[in-house]
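To start, the structure itself, in structure tokens.
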Amino acid sequence: RHLGSMRARALCRAPHRPPWLRAKSFSSLVMADERCPALLHVDSFTRVAFAGNPAAVCLLDAPADATWMGAVAANQNLSETAFMWPTGASEVEGLEGEPARGETFELRWFTPSVEVDLCGHATLAAAHALFSAPGGRESPLLRFGTRSGELVAALRGEGCIELEFPASPPRPLLDGVGPTRGEVALALGLPVDKVVVVGASDDLLVALPDAGAVAALAPDLHAVSRWPYRGLIVTAAGSGSEADFVSRFFGPAVGIPEDPVTGSAHCTLAPYWSGVLGKSTMLAQQLSQRGGELEVEVGGEEEEGASARVWIRGHAVTTLAGELLIPPPRTVPVVSRLC
């Protein structure tokens with residue numbers, strides 16, 4: 001009995017530390033129990049915990065079956081779960097535009113119901129997980145192969161992470177495609193003269209008169225889910241010095257009633273507001289209940305008068321780290337377009 005009580009006290013003083021806390025390398029991180037991968041929850045586009053947009057990050061040592069990844073994402077029940085595995089090292093553009101070595105990973109994103117082609121906040125979460133791992137990284141650059149092509153993440157000062165994405169400026173709507181202005185106004189519960197349908201990329205972009213109208217919005221999500229878009233972006237100019245513009249994102253068609261902070265939507269928002277405001281670098285706020293802050297910059301070689309690239313910058317906080325006890329079955333083809 002005495003030995004048992006001593007052991008119990010020792011266990012209380014030194015609880016089991018998950019592999020995330022013990023790991024010194026990516027390999028040891030994902031191989032804690034043969035094939036049980038590390039799993040983290042990360043709040044993106046925030047400097048404090050329990051704000052911004054939470055994403056799960058699953059660190060694998062090899063490709064995994066898409067059905068298994070979808071099941072894990074559904075079980076996490078967050079707006080996005082990122083899955084990644086290492087593919088080596090290669091030369092990428094450095095922080096000052098010079099060639100530099102960067103680690104490369106395959107990266108895929110799943111909502112609770114579908115796989116998606118691009119997700120900003122889960123990419124930030126994945127980069128944060130790697131940059132903040134014990135032992136650090138050999139390079140401040142990460143290169144991700146994804147279904148949307150190559151994405152690069154760079155570690156900036158004070159823990160800020162910069163993501164480079166392709167710009168997706170809104171295009172004018174074609175006649176007979178998507179909702180009319182009246183149908184949009186009805187779904188938003190607003191007078192028609194208060195709604196400007198800007199255009200669409202993967203998402204429908206709608207501008208409102210002011211930030212207050214965006215914050216107060218309660219759209220008909222059933223109506224929004226029937227439109228032929230990934231989601232609905234609602235935006236307005238910022239109301240003060242804290243933001244150049246504000247937005248909210250609704251994606252009921254992909255299982256996300258409202259996304260707390262949507263990095264990929266800013267691939268559309270940034271070029272739109274750059275044209276309106278005449279600025280290349282802007283501060284943005286997403287006015288969801290959790291809220292989030294981003295810095296965006298547009299540039300690169302222009303295509304048809306629009307900027308070709310969007311840089312999105314933000315912070316992230318890890319709130320949970322452990323291991324997934326159900327390992328993936330081994331499969332599988334690689335689907336990225338790594339250059």
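We label chains A, B, ... in the order they appear in the structure tokens, count residues from 1 in each chain, and number ligands from 1 in the order shown.
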
So which residues touch Glu293 in chain A within 8 Å, counting only C-alpha atoms, skipping near sequence neighbours fewer than 5 positions away, as a compact mmCIF listing (two decimals) with all heavy atoms, in the first residue's frame?
# COMPACT_ATOMS: atom_id res chain seq x y z
N PHE A 45 -5.09 33.57 -36.56
CA PHE A 45 -5.38 35.00 -36.72
C PHE A 45 -5.79 35.63 -35.40
O PHE A 45 -6.74 36.40 -35.31
CB PHE A 45 -6.44 35.21 -37.80
CG PHE A 45 -5.99 34.77 -39.16
CD1 PHE A 45 -6.62 33.73 -39.83
CD2 PHE A 45 -4.90 35.37 -39.78
CE1 PHE A 45 -6.19 33.31 -41.07
CE2 PHE A 45 -4.46 34.95 -41.02
CZ PHE A 45 -5.10 33.91 -41.68
N THR A 46 -5.02 35.30 -34.37
CA THR A 46 -5.23 35.88 -33.05
C THR A 46 -3.92 35.79 -32.27
O THR A 46 -3.10 34.90 -32.52
CB THR A 46 -6.35 35.15 -32.28
OG1 THR A 46 -6.48 35.74 -30.97
CG2 THR A 46 -6.04 33.68 -32.11
N GLY A 52 -10.03 34.15 -32.62
CA GLY A 52 -9.64 33.79 -33.97
C GLY A 52 -10.40 32.57 -34.46
O GLY A 52 -11.51 32.28 -34.02
N LEU A 283 -5.10 46.54 -43.19
CA LEU A 283 -5.50 45.80 -42.00
C LEU A 283 -6.95 45.38 -42.15
O LEU A 283 -7.79 46.17 -42.61
CB LEU A 283 -5.32 46.64 -40.75
CG LEU A 283 -3.89 47.07 -40.41
CD1 LEU A 283 -3.89 47.96 -39.16
CD2 LEU A 283 -3.00 45.86 -40.19
N ALA A 284 -7.24 44.14 -41.78
CA ALA A 284 -8.59 43.60 -41.93
C ALA A 284 -9.06 42.99 -40.62
O ALA A 284 -8.26 42.43 -39.86
CB ALA A 284 -8.61 42.55 -43.04
N GLN A 285 -10.35 43.09 -40.38
CA GLN A 285 -10.98 42.43 -39.24
C GLN A 285 -12.16 41.60 -39.74
O GLN A 285 -12.88 42.02 -40.64
CB GLN A 285 -11.50 43.45 -38.23
CG GLN A 285 -10.43 44.15 -37.43
CD GLN A 285 -11.02 45.07 -36.37
OE1 GLN A 285 -12.17 45.51 -36.47
NE2 GLN A 285 -10.25 45.37 -35.35
N GLN A 286 -12.31 40.41 -39.15
CA GLN A 286 -13.50 39.61 -39.42
C GLN A 286 -14.38 39.68 -38.19
O GLN A 286 -13.95 39.40 -37.07
CB GLN A 286 -13.13 38.16 -39.76
CG GLN A 286 -14.28 37.43 -40.44
CD GLN A 286 -13.81 36.36 -41.40
OE1 GLN A 286 -12.75 36.46 -41.99
NE2 GLN A 286 -14.61 35.32 -41.57
N GLY A 314 -0.48 36.90 -40.00
CA GLY A 314 -1.21 36.78 -38.75
C GLY A 314 -0.46 35.94 -37.74
O GLY A 314 0.60 35.38 -38.02

### Task
Show which residues sit within 7 Å of Gly263 in chain A, as a list in words. Count only C-alpha atoms, and ignore same-chain residues fewer than 2 positions away.
Cys119, Gly120, His121, Val261, Ala265 and His266 of chain A

Store the residues of this selection in a file with N, CA, C and O atoms, as an mmCIF file, in the first residue's frame.
data_model
loop_
_atom_site.group_PDB
_atom_site.id
_atom_site.type_symbol
_atom_site.label_atom_id
_atom_site.label_comp_id
_atom_site.auth_asym_id
_atom_site.auth_seq_id
_atom_site.Cartn_x
_atom_site.Cartn_y
_atom_site.Cartn_z
ATOM 1 N N CYS A 119 -7.515 26.774 -47.869
ATOM 2 C CA CYS A 119 -7.954 27.271 -46.561
ATOM 3 C C CYS A 119 -6.826 28.064 -45.936
ATOM 4 O O CYS A 119 -5.733 27.523 -45.695
ATOM 5 N N GLY A 120 -7.086 29.326 -45.655
ATOM 6 C CA GLY A 120 -6.054 30.189 -45.104
ATOM 7 C C GLY A 120 -5.758 29.930 -43.640
ATOM 8 O O GLY A 120 -4.598 29.780 -43.243
ATOM 9 N N HIS A 121 -6.795 29.862 -42.803
ATOM 10 C CA HIS A 121 -6.523 29.767 -41.368
ATOM 11 C C HIS A 121 -5.935 28.418 -40.989
ATOM 12 O O HIS A 121 -5.112 28.322 -40.072
ATOM 13 N N VAL A 261 -12.819 33.223 -38.922
ATOM 14 C CA VAL A 261 -11.864 34.044 -39.678
ATOM 15 C C VAL A 261 -11.478 33.242 -40.917
ATOM 16 O O VAL A 261 -11.049 32.102 -40.797
ATOM 17 N N ALA A 265 -10.821 33.794 -48.048
ATOM 18 C CA ALA A 265 -11.726 34.842 -48.534
ATOM 19 C C ALA A 265 -10.983 36.146 -48.784
ATOM 20 O O ALA A 265 -11.399 36.961 -49.617
ATOM 21 N N HIS A 266 -9.868 36.341 -48.094
ATOM 22 C CA HIS A 266 -9.103 37.577 -48.282
ATOM 23 C C HIS A 266 -8.300 37.569 -49.576
ATOM 24 O O HIS A 266 -7.768 38.606 -49.974
#

### Task
Show which residues sit within 7 Å of Thr111 in chain A, as a list in words. Count only C-alpha atoms, and ignore same-chain residues fewer than 2 positions away.
Ala73, Ser79, Glu80, Thr81, Trp109, Ser113, Val114, Glu115 and Gly255 of chain A

Give me the residues of range 62-151 of chain A that have any atom at most 12 Å from an atom of range 190-204 of chain A; for each, the nearest atom pair and the distance in Å, rounded to one decimal. Use only C-alpha atoms, sort by chain and number, and format it as CSV.
residue,atom,partner,partner_atom,distance
A:Val116,CA,A:Asp202,CA,11.2
A:Asp117,CA,A:Asp202,CA,10.3
A:Leu118,CA,A:Asp202,CA,10.4

For N, CA and C atoms, I'd like the residues from the last selection saved as an mmCIF file, in the first residue's frame.
data_model
loop_
_atom_site.group_PDB
_atom_site.id
_atom_site.type_symbol
_atom_site.label_atom_id
_atom_site.label_comp_id
_atom_site.auth_asym_id
_atom_site.auth_seq_id
_atom_site.Cartn_x
_atom_site.Cartn_y
_atom_site.Cartn_z
ATOM 1 N N VAL A 116 -11.605 20.654 -49.246
ATOM 2 C CA VAL A 116 -11.614 21.936 -49.942
ATOM 3 C C VAL A 116 -10.262 22.179 -50.605
ATOM 4 N N ASP A 117 -10.270 23.087 -51.590
ATOM 5 C CA ASP A 117 -9.064 23.345 -52.373
ATOM 6 C C ASP A 117 -8.121 24.344 -51.717
ATOM 7 N N LEU A 118 -8.636 25.179 -50.810
ATOM 8 C CA LEU A 118 -7.798 26.218 -50.205
ATOM 9 C C LEU A 118 -8.377 26.624 -48.867
#

### Task
Please return as a PyMOL selection string: the residues of range 142-266 of chain A that backbone DSSP assigns to strand (DSSP E).
chain A and resi 142-146+149-155+161-166+196-200+203-207+231-240+243-251+256-259

Dump of N, CA and C atoms for the selected residues, as a compact mmCIF listing (two decimals), in the first residue's frame:
# COMPACT_ATOMS: atom_id res chain seq x y z
N LEU A 142 8.61 27.50 -45.19
CA LEU A 142 7.94 26.23 -45.40
C LEU A 142 7.26 26.27 -46.76
N ARG A 143 7.29 25.18 -47.45
CA ARG A 143 6.68 25.09 -48.77
C ARG A 143 5.65 23.97 -48.74
N PHE A 144 4.41 24.28 -49.12
CA PHE A 144 3.32 23.31 -49.07
C PHE A 144 2.84 22.98 -50.48
N GLY A 145 2.76 21.70 -50.79
CA GLY A 145 2.11 21.26 -52.01
C GLY A 145 0.64 21.00 -51.73
N THR A 146 -0.25 21.64 -52.47
CA THR A 146 -1.68 21.56 -52.20
C THR A 146 -2.47 21.37 -53.50
N GLY A 149 -2.03 24.30 -55.82
CA GLY A 149 -0.67 24.61 -56.21
C GLY A 149 0.23 24.82 -55.01
N GLU A 150 1.37 25.44 -55.24
CA GLU A 150 2.36 25.63 -54.19
C GLU A 150 2.05 26.85 -53.34
N LEU A 151 2.13 26.69 -52.02
CA LEU A 151 1.98 27.78 -51.07
C LEU A 151 3.24 27.87 -50.22
N VAL A 152 3.65 29.09 -49.90
CA VAL A 152 4.86 29.31 -49.09
C VAL A 152 4.48 30.05 -47.82
N ALA A 153 5.01 29.58 -46.68
CA ALA A 153 4.83 30.26 -45.39
C ALA A 153 6.19 30.70 -44.89
N ALA A 154 6.27 31.93 -44.39
CA ALA A 154 7.52 32.50 -43.88
C ALA A 154 7.31 33.00 -42.47
N LEU A 155 8.26 32.70 -41.60
CA LEU A 155 8.22 33.19 -40.22
C LEU A 155 8.81 34.58 -40.16
N ILE A 161 3.37 35.03 -38.94
CA ILE A 161 3.56 34.13 -40.07
C ILE A 161 2.94 34.76 -41.30
N GLU A 162 3.69 34.76 -42.38
CA GLU A 162 3.21 35.30 -43.65
C GLU A 162 2.93 34.16 -44.62
N LEU A 163 1.73 34.18 -45.19
CA LEU A 163 1.32 33.18 -46.18
C LEU A 163 1.18 33.86 -47.53
N GLU A 164 1.63 33.20 -48.58
CA GLU A 164 1.49 33.72 -49.93
C GLU A 164 0.47 32.87 -50.69
N PHE A 165 -0.59 33.53 -51.18
CA PHE A 165 -1.66 32.85 -51.88
C PHE A 165 -1.88 33.48 -53.25
N PRO A 166 -2.47 32.74 -54.17
CA PRO A 166 -2.88 33.35 -55.44
C PRO A 166 -4.07 34.29 -55.21
N VAL A 196 -24.83 45.87 -52.46
CA VAL A 196 -24.09 45.94 -53.72
C VAL A 196 -23.47 44.56 -53.97
N VAL A 197 -23.93 43.88 -55.01
CA VAL A 197 -23.35 42.60 -55.38
C VAL A 197 -22.11 42.89 -56.23
N VAL A 198 -20.94 42.74 -55.65
CA VAL A 198 -19.70 43.13 -56.31
C VAL A 198 -19.36 42.16 -57.43
N GLY A 199 -19.43 40.87 -57.14
CA GLY A 199 -19.05 39.85 -58.10
C GLY A 199 -18.77 38.55 -57.37
N ALA A 200 -18.06 37.64 -58.03
CA ALA A 200 -17.83 36.33 -57.44
C ALA A 200 -16.49 35.78 -57.88
N ASP A 203 -16.49 32.43 -54.15
CA ASP A 203 -17.49 32.95 -53.21
C ASP A 203 -18.18 34.17 -53.82
N LEU A 204 -19.39 34.43 -53.38
CA LEU A 204 -20.11 35.63 -53.77
C LEU A 204 -19.70 36.76 -52.84
N LEU A 205 -19.30 37.90 -53.40
CA LEU A 205 -18.86 39.04 -52.61
C LEU A 205 -19.93 40.12 -52.66
N VAL A 206 -20.39 40.53 -51.46
CA VAL A 206 -21.44 41.54 -51.33
C VAL A 206 -20.94 42.64 -50.41
N ALA A 207 -21.09 43.89 -50.83
CA ALA A 207 -20.66 45.04 -50.04
C ALA A 207 -21.88 45.71 -49.41
N GLY A 231 -19.26 29.97 -50.72
CA GLY A 231 -19.79 30.71 -49.59
C GLY A 231 -20.12 32.14 -49.96
N LEU A 232 -20.51 32.90 -48.94
CA LEU A 232 -20.90 34.30 -49.09
C LEU A 232 -19.97 35.15 -48.25
N ILE A 233 -19.30 36.13 -48.89
CA ILE A 233 -18.49 37.12 -48.19
C ILE A 233 -19.27 38.42 -48.14
N VAL A 234 -19.45 38.95 -46.95
CA VAL A 234 -20.12 40.25 -46.77
C VAL A 234 -19.08 41.20 -46.19
N THR A 235 -18.96 42.39 -46.77
CA THR A 235 -17.87 43.28 -46.38
C THR A 235 -18.31 44.74 -46.38
N ALA A 236 -17.52 45.56 -45.72
CA ALA A 236 -17.72 47.01 -45.69
C ALA A 236 -16.41 47.66 -45.32
N ALA A 237 -16.29 48.95 -45.55
CA ALA A 237 -15.11 49.70 -45.13
C ALA A 237 -15.00 49.69 -43.62
N GLY A 238 -13.79 49.75 -43.10
CA GLY A 238 -13.59 49.79 -41.66
C GLY A 238 -14.15 51.07 -41.05
N SER A 239 -14.48 50.98 -39.77
CA SER A 239 -15.12 52.12 -39.11
C SER A 239 -14.13 53.00 -38.36
N GLY A 240 -12.85 52.66 -38.39
CA GLY A 240 -11.87 53.46 -37.65
C GLY A 240 -10.47 53.06 -38.04
N ALA A 243 -9.01 49.01 -38.65
CA ALA A 243 -9.14 48.16 -39.84
C ALA A 243 -9.48 49.02 -41.06
N ASP A 244 -8.89 48.65 -42.20
CA ASP A 244 -9.26 49.29 -43.46
C ASP A 244 -10.58 48.75 -43.99
N PHE A 245 -10.84 47.47 -43.72
CA PHE A 245 -12.13 46.89 -44.10
C PHE A 245 -12.47 45.75 -43.15
N VAL A 246 -13.75 45.42 -43.11
CA VAL A 246 -14.24 44.33 -42.26
C VAL A 246 -15.02 43.35 -43.13
N SER A 247 -15.25 42.16 -42.58
CA SER A 247 -15.99 41.16 -43.35
C SER A 247 -16.57 40.10 -42.42
N ARG A 248 -17.48 39.31 -42.99
CA ARG A 248 -17.94 38.05 -42.40
C ARG A 248 -18.07 37.04 -43.53
N PHE A 249 -17.98 35.75 -43.18
CA PHE A 249 -18.04 34.69 -44.18
C PHE A 249 -19.03 33.62 -43.74
N PHE A 250 -19.93 33.26 -44.65
CA PHE A 250 -20.93 32.23 -44.41
C PHE A 250 -20.78 31.14 -45.46
N GLY A 251 -20.63 29.88 -45.01
CA GLY A 251 -20.43 28.78 -45.95
C GLY A 251 -21.29 27.57 -45.67
N ILE A 256 -20.23 24.97 -43.09
CA ILE A 256 -19.75 26.01 -42.18
C ILE A 256 -20.78 27.14 -42.14
N PRO A 257 -21.69 27.13 -41.17
CA PRO A 257 -22.69 28.21 -41.11
C PRO A 257 -22.06 29.59 -41.13
N GLU A 258 -21.09 29.83 -40.21
CA GLU A 258 -20.28 31.04 -40.26
C GLU A 258 -18.86 30.68 -39.84
N ASP A 259 -17.89 31.12 -40.64
CA ASP A 259 -16.48 30.86 -40.33
C ASP A 259 -15.95 32.02 -39.49

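You can rank A:Cys160, A:Arg181, A:Pro271, A:Asn77 by their closest distance to Leu294 in chain A using only C-alpha atoms, and at the top of that list sits A:Cys160.
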
### Query
Which of these residues is nearest to Ala213 in chain A, using only C-alpha atoms: A:Leu124, A:Leu188, A:Val72, A:Val254?
A:Leu188

### Task
Write out as an MDAnalysis selection string all residues of range 49-287 of chain A that DSSP puts in helix (DSSP H, G or I) for this structure's backbone.
chainID A and resid 66:76 120:131 157:159 181:188 192:194 211:216 221:225 252:254 266:277

### Message
Here is a test: counting only C-alpha atoms, which residue of A:Trp273, A:Phe50, A:Phe105, A:Phe83 is nearest to Glu297 in chain A?
### Response
A:Trp273

### Query
Closest to Glu103 in chain A among A:Ala127, A:Ala66, A:Val317, A:Ala211, using only C-alpha atoms?
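Checking each of A:Ala127, A:Ala66, A:Val317, A:Ala211 against Glu103 in chain A, counting only C-alpha atoms, the winner is A:Ala127.
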
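With only C-alpha atoms as the atoms that count, the minimum distance from Gly70 in chain A to the choices A:Pro54, A:Pro112, A:Gly157, A:Gly88 is reached by A:Pro112.
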
### Straight-line distance linking CA of Gly292 in chain A with CA of Ser44 in chain A, stated in Å to one decimal
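So the answer is 8.0 Å.
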